[in-house]
$ cat final.csv   # CSV, C-alpha atoms
chain,number,residue,atom,x,y,z
A,1,MET,CA,13.0,27.1,28.4
A,2,MET,CA,10.4,25.2,26.4
A,3,LYS,CA,10.0,21.6,27.5
A,4,ARG,CA,11.2,19.0,25.0
A,5,SER,CA,7.7,17.5,24.9
A,6,ASP,CA,6.2,20.8,24.1
A,7,GLU,CA,8.8,21.4,21.4
A,8,LEU,CA,8.0,18.0,20.0
A,9,ASN,CA,4.3,18.6,19.9
A,10,GLN,CA,4.8,21.9,18.2
A,11,THR,CA,7.1,20.3,15.7
A,12,LEU,CA,4.7,17.5,15.1
A,13,ALA,CA,2.0,20.1,14.4
A,14,GLU,CA,4.3,21.7,11.8
A,15,LEU,CA,4.9,18.3,10.2
A,16,ARG,CA,1.1,17.6,10.3
A,17,ARG,CA,0.6,20.8,8.2
A,18,GLN,CA,3.2,19.6,5.8
A,19,HIS,CA,1.7,16.1,5.7
A,20,GLN,CA,-1.7,17.5,4.9
A,21,GLN,CA,-0.3,19.1,1.8
A,22,ILE,CA,0.8,15.8,0.3
A,23,GLU,CA,-1.4,15.3,-2.8
A,24,ALA,CA,-2.0,12.3,-4.9
A,25,PRO,CA,-1.1,12.7,-8.6
A,26,PRO,CA,-4.2,13.6,-10.7
A,27,PHE,CA,-3.7,10.6,-13.0
A,28,LEU,CA,-4.9,8.3,-10.1
A,29,GLU,CA,-8.3,10.0,-10.3
A,30,THR,CA,-8.3,9.5,-14.1
A,31,ARG,CA,-7.4,5.8,-13.8
A,32,LEU,CA,-10.1,5.2,-11.2
A,33,ARG,CA,-12.7,7.1,-13.2
A,34,THR,CA,-11.9,4.8,-16.1
A,35,ALA,CA,-12.2,1.8,-14.0
A,36,ALA,CA,-15.5,3.0,-12.5
A,37,ARG,CA,-16.9,3.8,-16.0
A,38,SER,CA,-15.9,0.5,-17.4
A,39,GLY,CA,-17.9,-1.3,-14.7
A,40,ARG,CA,-16.9,-3.6,-11.9
A,41,PRO,CA,-13.4,-4.7,-12.5
A,42,ALA,CA,-14.1,-8.1,-10.8
A,43,THR,CA,-16.2,-8.9,-13.8
A,44,MET,CA,-13.5,-7.8,-16.2
A,45,ALA,CA,-10.9,-9.7,-14.2
A,46,ARG,CA,-13.0,-12.9,-14.3
A,47,ARG,CA,-13.4,-12.6,-18.1
A,48,TRP,CA,-9.7,-12.0,-18.4
A,49,ALA,CA,-9.0,-15.0,-16.2
A,50,TRP,CA,-11.1,-17.3,-18.3
A,51,ALA,CA,-9.3,-16.1,-21.4
A,52,MET,CA,-6.0,-16.5,-19.6
A,53,ALA,CA,-6.9,-19.9,-18.4
A,54,ALA,CA,-7.8,-21.0,-21.9
A,55,ALA,CA,-4.5,-19.6,-23.2
A,56,LEU,CA,-2.6,-21.3,-20.4
A,57,LEU,CA,-4.3,-24.6,-21.2
A,58,VAL,CA,-3.3,-24.4,-24.9
A,59,GLY,CA,0.2,-23.4,-23.8
A,60,ILE,CA,0.5,-26.4,-21.5
A,61,VAL,CA,-0.6,-28.8,-24.1
A,62,LEU,CA,1.9,-27.5,-26.6
A,63,TRP,CA,4.6,-27.4,-24.0
A,64,LYS,CA,3.9,-30.9,-22.7
A,65,THR,CA,3.9,-32.2,-26.3
A,66,HIS,CA,7.3,-30.6,-26.9
A,67,GLN,CA,8.7,-31.8,-23.5
A,68,SER,CA,7.7,-35.4,-24.2
A,69,SER,CA,10.0,-35.8,-27.2
A,70,PRO,CA,13.2,-37.6,-26.3
A,71,GLU,CA,15.3,-35.1,-28.2
A,72,ALA,CA,13.7,-32.2,-26.3
A,73,ARG,CA,14.5,-34.0,-23.0
A,74,ARG,CA,18.1,-34.6,-24.0
A,75,MET,CA,18.6,-31.0,-25.0
A,76,GLN,CA,17.0,-29.5,-22.0
A,77,PRO,CA,19.4,-27.5,-19.9
A,78,ALA,CA,19.1,-27.3,-16.1
A,79,GLU,CA,16.4,-24.7,-15.3
A,80,THR,CA,16.5,-21.8,-12.9
A,81,VAL,CA,13.4,-20.1,-11.5
A,82,THR,CA,12.8,-16.8,-9.9
A,83,GLU,CA,10.8,-16.3,-6.8
A,84,PHE,CA,7.0,-16.2,-7.2
A,85,MET,CA,5.6,-12.7,-7.4
A,86,ALA,CA,2.0,-11.9,-6.6
A,87,VAL,CA,0.0,-11.0,-9.6
A,88,PRO,CA,-1.1,-7.4,-9.2
A,89,GLY,CA,-4.6,-7.2,-7.8
A,90,SER,CA,-4.5,-10.8,-6.5
A,91,GLU,CA,-4.1,-9.6,-2.9
A,92,THR,CA,-7.7,-8.6,-2.9
A,93,LEU,CA,-9.0,-11.9,-4.2
A,94,PRO,CA,-10.5,-14.5,-1.8
A,95,ALA,CA,-8.1,-17.3,-0.8
A,96,PRO,CA,-8.5,-20.2,-3.2
A,97,LEU,CA,-9.4,-23.7,-1.9
A,98,GLU,CA,-6.8,-25.2,-4.2
A,99,THR,CA,-4.1,-24.0,-6.4
A,100,SER,CA,-2.3,-25.4,-9.4
A,101,ILE,CA,1.0,-24.4,-11.1
A,102,LEU,CA,0.7,-24.0,-14.8
A,103,ARG,CA,3.8,-23.7,-16.8
A,104,VAL,CA,3.6,-21.8,-20.1
A,105,ARG,CA,5.8,-19.9,-22.6
A,106,VAL,CA,4.7,-16.4,-23.3
A,107,PRO,CA,6.2,-13.4,-25.0
A,108,LYS,CA,8.3,-11.4,-22.4
A,109,GLY,CA,6.3,-8.3,-23.2
A,110,GLU,CA,3.2,-10.0,-21.7
A,111,LEU,CA,5.0,-10.2,-18.4
A,112,ARG,CA,5.1,-6.4,-18.0
A,113,GLN,CA,1.5,-6.5,-16.6
A,114,TYR,CA,2.8,-8.6,-13.8
A,115,GLY,CA,5.5,-6.1,-12.8
A,116,PHE,CA,8.5,-7.5,-14.7
A,117,ASP,CA,10.7,-5.0,-16.2
A,118,VAL,CA,11.1,-6.0,-19.9
A,119,PRO,CA,13.1,-3.8,-22.3
A,120,PRO,CA,11.2,-3.1,-25.6
A,121,PRO,CA,13.8,-5.1,-27.7
A,122,ASP,CA,13.1,-8.2,-25.7
A,123,ALA,CA,9.3,-7.9,-25.7
A,124,ARG,CA,8.8,-10.6,-28.4
A,125,GLU,CA,11.2,-13.1,-27.0
A,126,MET,CA,9.5,-16.1,-25.6
A,127,VAL,CA,10.1,-17.0,-21.9
A,128,GLY,CA,8.9,-19.7,-19.6
A,129,ALA,CA,6.6,-18.7,-16.7
A,130,ASP,CA,4.9,-20.6,-13.9
A,131,PHE,CA,1.5,-19.3,-12.9
A,132,VAL,CA,-0.1,-20.2,-9.6
A,133,VAL,CA,-3.8,-20.4,-10.5
A,134,GLY,CA,-6.6,-20.8,-8.0
A,135,ASP,CA,-9.6,-23.1,-8.3
A,136,ASP,CA,-11.6,-20.1,-9.4
A,137,GLY,CA,-9.4,-19.8,-12.5
A,138,LEU,CA,-7.7,-16.6,-11.3
A,139,ALA,CA,-3.9,-16.3,-11.4
A,140,ARG,CA,-2.4,-15.5,-8.0
A,141,ALA,CA,1.4,-15.5,-8.6
A,142,VAL,CA,3.9,-15.9,-11.4
A,143,ARG,CA,7.6,-16.7,-11.7
A,144,LEU,CA,10.0,-16.8,-14.5
A,145,VAL,CA,11.7,-20.0,-15.7
A,146,ARG,CA,15.0,-19.8,-17.4
B,1,MET,CA,-11.5,15.6,-11.9
B,2,PHE,CA,-14.3,13.1,-12.0
B,3,GLU,CA,-17.1,13.9,-14.5
B,4,HIS,CA,-19.8,13.9,-11.9
B,5,GLU,CA,-18.2,17.1,-10.4
B,6,ARG,CA,-18.9,19.0,-13.5
B,7,ARG,CA,-22.3,17.5,-14.0
B,8,GLY,CA,-23.6,17.7,-10.5
B,9,GLN,CA,-21.9,15.6,-7.9
B,10,ARG,CA,-23.6,13.3,-5.5
B,11,SER,CA,-24.5,15.2,-2.4
B,12,ASN,CA,-21.7,15.9,0.0
B,13,SER,CA,-24.0,15.2,2.8
B,14,GLU,CA,-24.6,11.7,1.5
B,15,SER,CA,-23.1,9.3,4.1
B,16,ASP,CA,-20.2,7.0,3.3
B,17,THR,CA,-22.6,4.0,3.9
B,18,ASP,CA,-25.0,5.3,1.3
B,19,LEU,CA,-22.2,5.9,-1.1
B,20,TYR,CA,-20.8,2.5,-0.4
B,21,ARG,CA,-24.1,0.8,-1.1
B,22,ALA,CA,-24.3,2.8,-4.4
B,23,VAL,CA,-20.9,1.5,-5.3
B,24,ALA,CA,-22.0,-2.0,-4.6
B,25,GLN,CA,-24.8,-1.4,-7.1
B,26,GLY,CA,-22.2,-0.3,-9.7
B,27,SER,CA,-22.4,3.5,-9.3
B,28,GLY,CA,-19.3,5.1,-10.8
B,29,GLU,CA,-20.4,8.5,-9.4
B,30,ALA,CA,-20.5,7.1,-5.9
B,31,MET,CA,-17.1,5.6,-6.3
B,32,ALA,CA,-15.8,8.9,-7.5
B,33,THR,CA,-17.2,10.7,-4.5
B,34,ILE,CA,-15.7,8.2,-2.1
B,35,TYR,CA,-12.3,8.7,-3.8
B,36,GLN,CA,-12.7,12.5,-3.4
B,37,ARG,CA,-13.4,12.0,0.3
B,38,HIS,CA,-10.8,9.4,1.2
B,39,GLY,CA,-8.3,9.2,-1.6
B,40,PRO,CA,-6.1,11.9,-0.1
B,41,LEU,CA,-5.9,10.1,3.3
B,42,ILE,CA,-5.0,6.8,1.6
B,43,TYR,CA,-2.3,8.4,-0.6
B,44,ARG,CA,-0.8,10.4,2.3
B,45,PHE,CA,-0.7,7.4,4.6
B,46,SER,CA,0.8,5.1,1.9
B,47,PHE,CA,3.4,7.7,0.9
B,48,ARG,CA,4.4,8.5,4.5
B,49,ILE,CA,4.8,4.8,5.5
B,50,SER,CA,6.5,3.6,2.3
B,51,GLN,CA,8.4,6.8,1.6
B,52,ASP,CA,8.0,5.8,-2.0
B,53,GLN,CA,5.8,7.6,-4.5
B,54,SER,CA,5.4,4.7,-6.8
B,55,ILE,CA,4.2,2.4,-3.9
B,56,ALA,CA,1.8,5.1,-2.7
B,57,GLU,CA,0.3,5.4,-6.2
B,58,GLU,CA,0.0,1.7,-6.7
B,59,VAL,CA,-1.5,1.1,-3.2
B,60,THR,CA,-4.0,4.0,-3.6
B,61,GLN,CA,-5.2,2.7,-6.9
B,62,ASP,CA,-5.4,-0.9,-5.6
B,63,VAL,CA,-7.4,0.2,-2.5
B,64,PHE,CA,-10.1,1.8,-4.5
B,65,LEU,CA,-10.1,-1.0,-7.1
B,66,ALA,CA,-10.6,-3.3,-4.1
B,67,LEU,CA,-13.6,-1.3,-3.1
B,68,LEU,CA,-15.1,-1.9,-6.6
B,69,ARG,CA,-14.2,-5.6,-6.4
B,70,GLN,CA,-15.3,-6.4,-2.9
B,71,SER,CA,-17.7,-3.7,-1.9
B,72,ASP,CA,-19.7,-6.4,-0.1
B,73,ARG,CA,-17.0,-7.0,2.4
B,74,PHE,CA,-17.3,-3.6,4.2
B,75,ASP,CA,-19.3,-3.7,7.4
B,76,PRO,CA,-20.4,-0.2,8.4
B,77,ALA,CA,-21.2,-1.5,11.9
B,78,ARG,CA,-17.6,-2.4,12.6
B,79,ALA,CA,-15.7,0.6,11.2
B,80,ALA,CA,-15.9,3.8,9.2
B,81,LEU,CA,-15.3,3.4,5.5
B,82,SER,CA,-12.1,5.5,5.8
B,83,THR,CA,-10.8,3.1,8.5
B,84,TRP,CA,-11.6,0.1,6.4
B,85,LEU,CA,-9.9,1.6,3.3
B,86,CYS,CA,-6.9,2.6,5.4
B,87,GLY,CA,-6.6,-1.0,6.8
B,88,ILE,CA,-6.5,-2.3,3.2
B,89,ALA,CA,-3.9,0.3,2.3
B,90,ARG,CA,-1.8,-0.7,5.3
B,91,ARG,CA,-1.8,-4.4,4.4
B,92,LEU,CA,-0.8,-3.5,0.8
B,93,VAL,CA,2.0,-1.2,1.9
B,94,TRP,CA,3.3,-3.8,4.3
B,95,LYS,CA,3.3,-6.4,1.5
B,96,GLN,CA,5.3,-4.0,-0.7
B,97,LEU,CA,7.8,-3.2,2.1
B,98,GLU,CA,8.2,-6.9,2.9
B,99,ARG,CA,8.8,-7.7,-0.7
B,100,ARG,CA,11.4,-5.0,-1.1
B,101,GLN,CA,12.9,-5.7,2.4
B,102,ARG,CA,14.2,-2.2,2.7
B,103,HIS,CA,12.4,-0.9,5.7
B,104,LEU,CA,12.6,-1.6,9.4
B,105,LEU,CA,9.9,-4.3,9.8
B,106,ILE,CA,10.9,-5.6,13.2
B,107,ASP,CA,8.9,-7.5,15.8
B,108,LEU,CA,8.1,-5.0,18.5
B,109,PRO,CA,7.6,-6.6,21.9
B,110,GLU,CA,4.6,-5.0,23.4
B,111,GLU,CA,6.4,-3.5,26.4
B,112,SER,CA,4.8,-3.3,29.7
B,113,GLY,CA,7.2,-1.0,31.5
B,114,GLU,CA,7.8,2.7,31.2
B,115,ALA,CA,8.9,4.1,27.9
B,116,GLU,CA,11.8,6.5,27.7
B,117,SER,CA,11.4,10.0,29.0
B,118,LEU,CA,10.0,12.5,26.6
B,119,GLU,CA,12.0,15.3,28.0
B,120,GLY,CA,15.6,14.8,27.0
B,121,ASP,CA,18.1,17.1,28.7
B,122,PRO,CA,19.7,19.7,26.5
B,123,ASP,CA,19.1,23.3,27.4
B,124,VAL,CA,19.1,24.4,23.8
B,125,THR,CA,16.1,25.4,21.8
B,126,LEU,CA,16.3,24.6,18.2
B,127,SER,CA,15.1,26.8,15.4
B,128,ARG,CA,11.8,25.8,13.9
B,129,ASN,CA,13.5,24.4,10.8
B,130,GLU,CA,16.1,22.6,12.8
B,131,ALA,CA,13.4,21.0,14.9
B,132,VAL,CA,11.3,19.9,12.0
B,133,ALA,CA,14.4,18.5,10.2
B,134,ALA,CA,15.4,16.6,13.4
B,135,VAL,CA,12.0,15.1,13.9
B,136,GLN,CA,11.6,14.2,10.3
B,137,ARG,CA,15.0,12.4,10.4
B,138,GLY,CA,13.8,10.6,13.5
B,139,LEU,CA,10.5,9.7,11.8
B,140,ASP,CA,12.4,8.3,8.8
B,141,THR,CA,14.3,5.9,11.0
B,142,LEU,CA,11.4,4.7,13.2
B,143,PRO,CA,10.3,1.1,12.7
B,144,VAL,CA,7.2,1.0,10.6
B,145,GLN,CA,5.1,-0.1,13.5
B,146,LEU,CA,5.9,3.1,15.4
B,147,LYS,CA,5.8,5.3,12.3
B,148,GLU,CA,2.4,4.3,11.3
B,149,VAL,CA,0.9,5.3,14.7
B,150,ILE,CA,2.5,8.7,14.4
B,151,VAL,CA,1.0,9.1,10.9
B,152,LEU,CA,-2.4,7.9,11.9
B,153,CYS,CA,-2.8,9.5,15.3
B,154,GLU,CA,-0.7,12.7,15.0
B,155,PHE,CA,-0.7,13.6,11.3
B,156,GLU,CA,-4.2,12.2,10.4
B,157,GLU,CA,-5.6,12.9,13.9
B,158,MET,CA,-7.3,9.6,13.8
B,159,LYS,CA,-9.0,8.4,17.0
B,160,TYR,CA,-7.0,5.7,18.9
B,161,GLU,CA,-9.9,3.3,18.4
B,162,ASP,CA,-9.9,3.8,14.6
B,163,ALA,CA,-6.1,3.5,14.5
B,164,ALA,CA,-6.4,0.2,16.4
B,165,LEU,CA,-8.8,-1.1,13.7
B,166,VAL,CA,-6.4,0.0,10.9
B,167,VAL,CA,-3.4,-1.6,12.5
B,168,GLY,CA,-5.3,-4.6,14.0
B,169,VAL,CA,-4.1,-4.3,17.5
B,170,PRO,CA,-5.8,-3.3,20.8
B,171,VAL,CA,-6.2,0.4,21.7
B,172,GLY,CA,-3.7,0.1,24.5
B,173,THR,CA,-1.1,-1.0,22.0
B,174,ILE,CA,-1.7,2.0,19.9
B,175,ARG,CA,-1.3,4.2,23.0
B,176,SER,CA,2.0,2.5,24.1
B,177,ARG,CA,3.4,2.6,20.5
B,178,LEU,CA,2.5,6.3,20.2
B,179,HIS,CA,4.3,7.0,23.5
B,180,ARG,CA,7.3,5.1,22.4
B,181,ALA,CA,7.4,6.7,19.0
B,182,LYS,CA,7.2,10.2,20.6
B,183,ALA,CA,9.9,9.3,23.0
B,184,ARG,CA,12.2,8.3,20.2
B,185,LEU,CA,11.3,11.5,18.3
B,186,ALA,CA,12.0,13.5,21.5
B,187,LEU,CA,15.4,11.8,21.7
B,188,ALA,CA,16.0,12.8,18.0
B,189,LEU,CA,15.2,16.4,19.0
B,190,GLY,CA,17.4,16.2,22.0
B,191,GLY,CA,20.3,14.8,19.9
B,192,ALA,CA,19.9,17.6,17.4
B,193,ALA,CA,19.9,20.2,20.2
B,194,MET,CA,23.1,18.7,21.7
B,195,ASN,CA,24.8,18.9,18.3
B,196,THR,CA,23.7,22.5,18.0
B,197,SER,CA,25.0,23.3,21.5
B,198,LYS,CA,28.4,21.7,20.6
B,199,GLU,CA,28.6,23.7,17.4
B,200,ASN,CA,27.8,26.9,19.2
B,201,ASN,CA,30.1,26.2,22.2
B,202,PRO,CA,33.0,24.1,20.8

$ encode --input "final.csv" --output "structure tokens"
Amino acid sequence: MMKRSDELNQTLAELRRQHQQIEAPPFLETRLRTAARSGRPATMARRWAWAMAAALLVGIVLWKTHQSSPEARRMQPAETVTEFMAVPGSETLPAPLETSILRVRVPKGELRQYGFDVPPPDAREMVGADFVVGDDGLARAVRLVR
Amino acid sequence: MFEHERRGQRSNSESDTDLYRAVAQGSGEAMATIYQRHGPLIYRFSFRISQDQSIAEEVTQDVFLALLRQSDRFDPARAALSTWLCGIARRLVWKQLERRQRHLLIDLPEESGEAESLEGDPDVTLSRNEAVAAVQRGLDTLPVQLKEVIVLCEFEEMKYEDAALVVGVPVGTIRSRLHRAKARLALALGGAAMNTSKENNP
């Protein structure tokens, strides 16, 4: 009778053959080709980050202005927040020395890029969001504020 | 396929280190060649560990984008490029699994004693398909720490030293985890054999 360990090794060899047949979908190559063609994404990410930081700053000023009115404070309901989610790609960024939380209101559709599931009918609806931004200006995490 | 393949690919004999240096200087062709060489490993590993196609796709993409972003962080003196990339993939997969909290991410005490016997006891030989199905089921229920050494060392035939670099543990830990993982898979095989025996001799 075949020893159990021999049987296991033969079975693992069969599973190895099956494993080697797993293939990545072709669109991954296409995406990476696009990224490689368009240059180093870090550069793009930093440009995007500066644009985002500027947008966030404007958003904060507008939001603070709105928040400071007595009527706005009176009408403000208790807020609930989701857990922070890492911004896609932020895992590979260097750890920031300092972080700040920036609260903005953005169209829900903008949150798709951060992994939130937003149905098309809701895309234009405004929603509050807190961004954790490093001292390098790059966003690390985001949460929703309701 | 990448465009360079149609127009004349970078030489297959070009070392990963040379390609990596070219990527650091912004060569898309070098990046493409590196993906051709190591993308399948990264995808297979991510898919096997996560058991989720969407995670595997996302992780594979992020690993190679990380190569573009931080190509200066790879040290060819410490590890092969495939090992370095696989280490990034592992970290990203683990983050995803922790976020989704749907896999067995348990703290494994690094045991010092003997692992379970590999033999099992049933006197029944399973058919090839039955054995594959039984081991696959066993694999699916292994803690990720054990599953990843099976994938790296058995399915990808990675050297223990390289697997240790990917997982970030000593080589001895890889050996002991591999032994424990195989012991559990052998038990899964033995259990399936017992069930078959009972079915045949009720």

$ atom_distance --input "final.csv" --atom1 "CA of Gly39 in chain B" --atom2 "CA of Cys86 in chain B"
9.7 Å

$ atom_distance --input "final.csv" --atom1 "CA of Ala56 in chain B" --atom2 "CA of Leu68 in chain B"
18.7 Å

$ atom_distance --input "final.csv" --atom1 "CA of Arg16 in chain A" --atom2 "CA of Val167 in chain B"
19.8 Å

$ residues_around --input "final.csv" --residues "Pro25 in chain A" --least-positions-apart "2" --cutoff "10 Å" --atoms "all atoms listed in the file" --output "compact mmCIF listing (two decimals) with C-alpha atoms, in the coordinates of the input"
# COMPACT_ATOMS: atom_id res chain seq x y z
CA ILE A 22 0.80 15.80 0.30
CA GLU A 23 -1.40 15.30 -2.80
CA PHE A 27 -3.70 10.60 -13.00
CA LEU A 28 -4.90 8.30 -10.10
CA GLU A 29 -8.30 10.00 -10.30
CA THR A 30 -8.30 9.50 -14.10
CA PRO B 40 -6.10 11.90 -0.10
CA TYR B 43 -2.30 8.40 -0.60
CA GLN B 53 5.80 7.60 -4.50
CA GLU B 57 0.30 5.40 -6.20

$ closest_atom_pairs --input "final.csv" --of "range 33-99 of chain B" --to "range 136-153 of chain B" --cutoff "8 Å" --atoms "only C-alpha atoms" --output "tab-separated table"
residue	atom	partner	partner_atom	distance
B:Phe45	CA	B:Val151	CA	6.7
B:Arg48	CA	B:Val151	CA	7.3
B:Ile49	CA	B:Glu148	CA	6.3

$ closest_residue --input "final.csv" --among "B:Arg99, B:Arg44, B:Thr83, B:Glu58" --to "Glu83 in chain A" --atoms "all atoms listed in the file"
B:Arg99

$ closest_residue --input "final.csv" --among "A:Glu79, A:Glu110, A:Glu91, A:Asp130" --to "chain B" --atoms "all atoms listed in the file"
A:Glu91

$ closest_residue --input "final.csv" --among "A:Pro121, A:Val87, A:Val81, A:Leu93" --to "chain B" --atoms "all atoms listed in the file"
A:Leu93

$ interface_residues --input "final.csv" --of "chain B" --to "chain A" --cutoff "9 Å" --atoms "only C-alpha atoms" --output "count of residues only"
60

$ residues_around --input "final.csv" --residues "range 164-166 of chain B" --least-positions-apart "2" --cutoff "7 Å" --atoms "only C-alpha atoms" --output "list of chain:residue names"
B:Thr83, B:Trp84, B:Cys86, B:Gly87, B:Tyr160, B:Glu161, B:Asp162, B:Gly168, B:Val169, B:Pro170, B:Val171, B:Ile174

$ residues_around --input "final.csv" --residues "Pro107 in chain A" --least-positions-apart "3" --cutoff "10 Å" --atoms "only C-alpha atoms" --output "MDAnalysis selection string"
chainID A and resid 110:112 122:129

$ decode --input "final.csv" --residues "range 148-163 of chain B" --atoms "N, CA, C and O atoms" --output "short mmCIF file (atom, residue, chain, number, x, y, z; two decimals), in the first residue's frame"
data_model
loop_
_atom_site.label_atom_id
_atom_site.label_comp_id
_atom_site.auth_asym_id
_atom_site.auth_seq_id
_atom_site.Cartn_x
_atom_site.Cartn_y
_atom_site.Cartn_z
N GLU B 148 0.62 29.55 2.99
CA GLU B 148 1.57 30.28 2.16
C GLU B 148 2.89 29.51 1.99
O GLU B 148 3.51 29.61 0.93
N VAL B 149 3.28 28.71 2.97
CA VAL B 149 4.51 27.95 2.77
C VAL B 149 4.29 26.79 1.81
O VAL B 149 5.19 26.41 1.06
N ILE B 150 3.08 26.25 1.80
CA ILE B 150 2.77 25.20 0.81
C ILE B 150 2.83 25.82 -0.60
O ILE B 150 3.42 25.25 -1.53
N VAL B 151 2.22 26.99 -0.74
CA VAL B 151 2.20 27.62 -2.06
C VAL B 151 3.62 27.97 -2.51
O VAL B 151 4.01 27.69 -3.65
N LEU B 152 4.39 28.57 -1.60
CA LEU B 152 5.74 29.00 -1.99
C LEU B 152 6.67 27.81 -2.22
O LEU B 152 7.35 27.75 -3.25
N CYS B 153 6.70 26.90 -1.27
CA CYS B 153 7.72 25.84 -1.33
C CYS B 153 7.29 24.65 -2.18
O CYS B 153 8.13 24.04 -2.84
N GLU B 154 6.01 24.32 -2.16
CA GLU B 154 5.56 23.16 -2.93
C GLU B 154 5.10 23.55 -4.34
O GLU B 154 5.51 22.94 -5.31
N PHE B 155 4.22 24.55 -4.42
CA PHE B 155 3.65 24.88 -5.72
C PHE B 155 4.59 25.75 -6.56
O PHE B 155 4.66 25.59 -7.77
N GLU B 156 5.28 26.68 -5.93
CA GLU B 156 6.21 27.53 -6.68
C GLU B 156 7.64 26.98 -6.61
O GLU B 156 8.53 27.54 -7.24
N GLU B 157 7.85 25.95 -5.83
CA GLU B 157 9.16 25.31 -5.68
C GLU B 157 10.26 26.32 -5.34
O GLU B 157 11.36 26.27 -5.87
N MET B 158 9.90 27.22 -4.46
CA MET B 158 10.85 28.24 -4.02
C MET B 158 11.78 27.63 -2.97
O MET B 158 11.37 26.78 -2.18
N LYS B 159 13.02 28.07 -2.97
CA LYS B 159 13.97 27.59 -1.94
C LYS B 159 13.49 28.08 -0.58
O LYS B 159 12.90 29.17 -0.46
N TYR B 160 13.80 27.29 0.45
CA TYR B 160 13.38 27.68 1.80
C TYR B 160 13.94 29.06 2.17
O TYR B 160 13.26 29.85 2.83
N GLU B 161 15.16 29.32 1.74
CA GLU B 161 15.78 30.60 2.09
C GLU B 161 14.99 31.76 1.48
O GLU B 161 14.79 32.80 2.11
N ASP B 162 14.54 31.58 0.24
CA ASP B 162 13.77 32.64 -0.41
C ASP B 162 12.38 32.77 0.22
O ASP B 162 11.88 33.88 0.41
N ALA B 163 11.77 31.62 0.52
CA ALA B 163 10.46 31.66 1.17
C ALA B 163 10.56 32.38 2.52
O ALA B 163 9.66 33.13 2.91
#
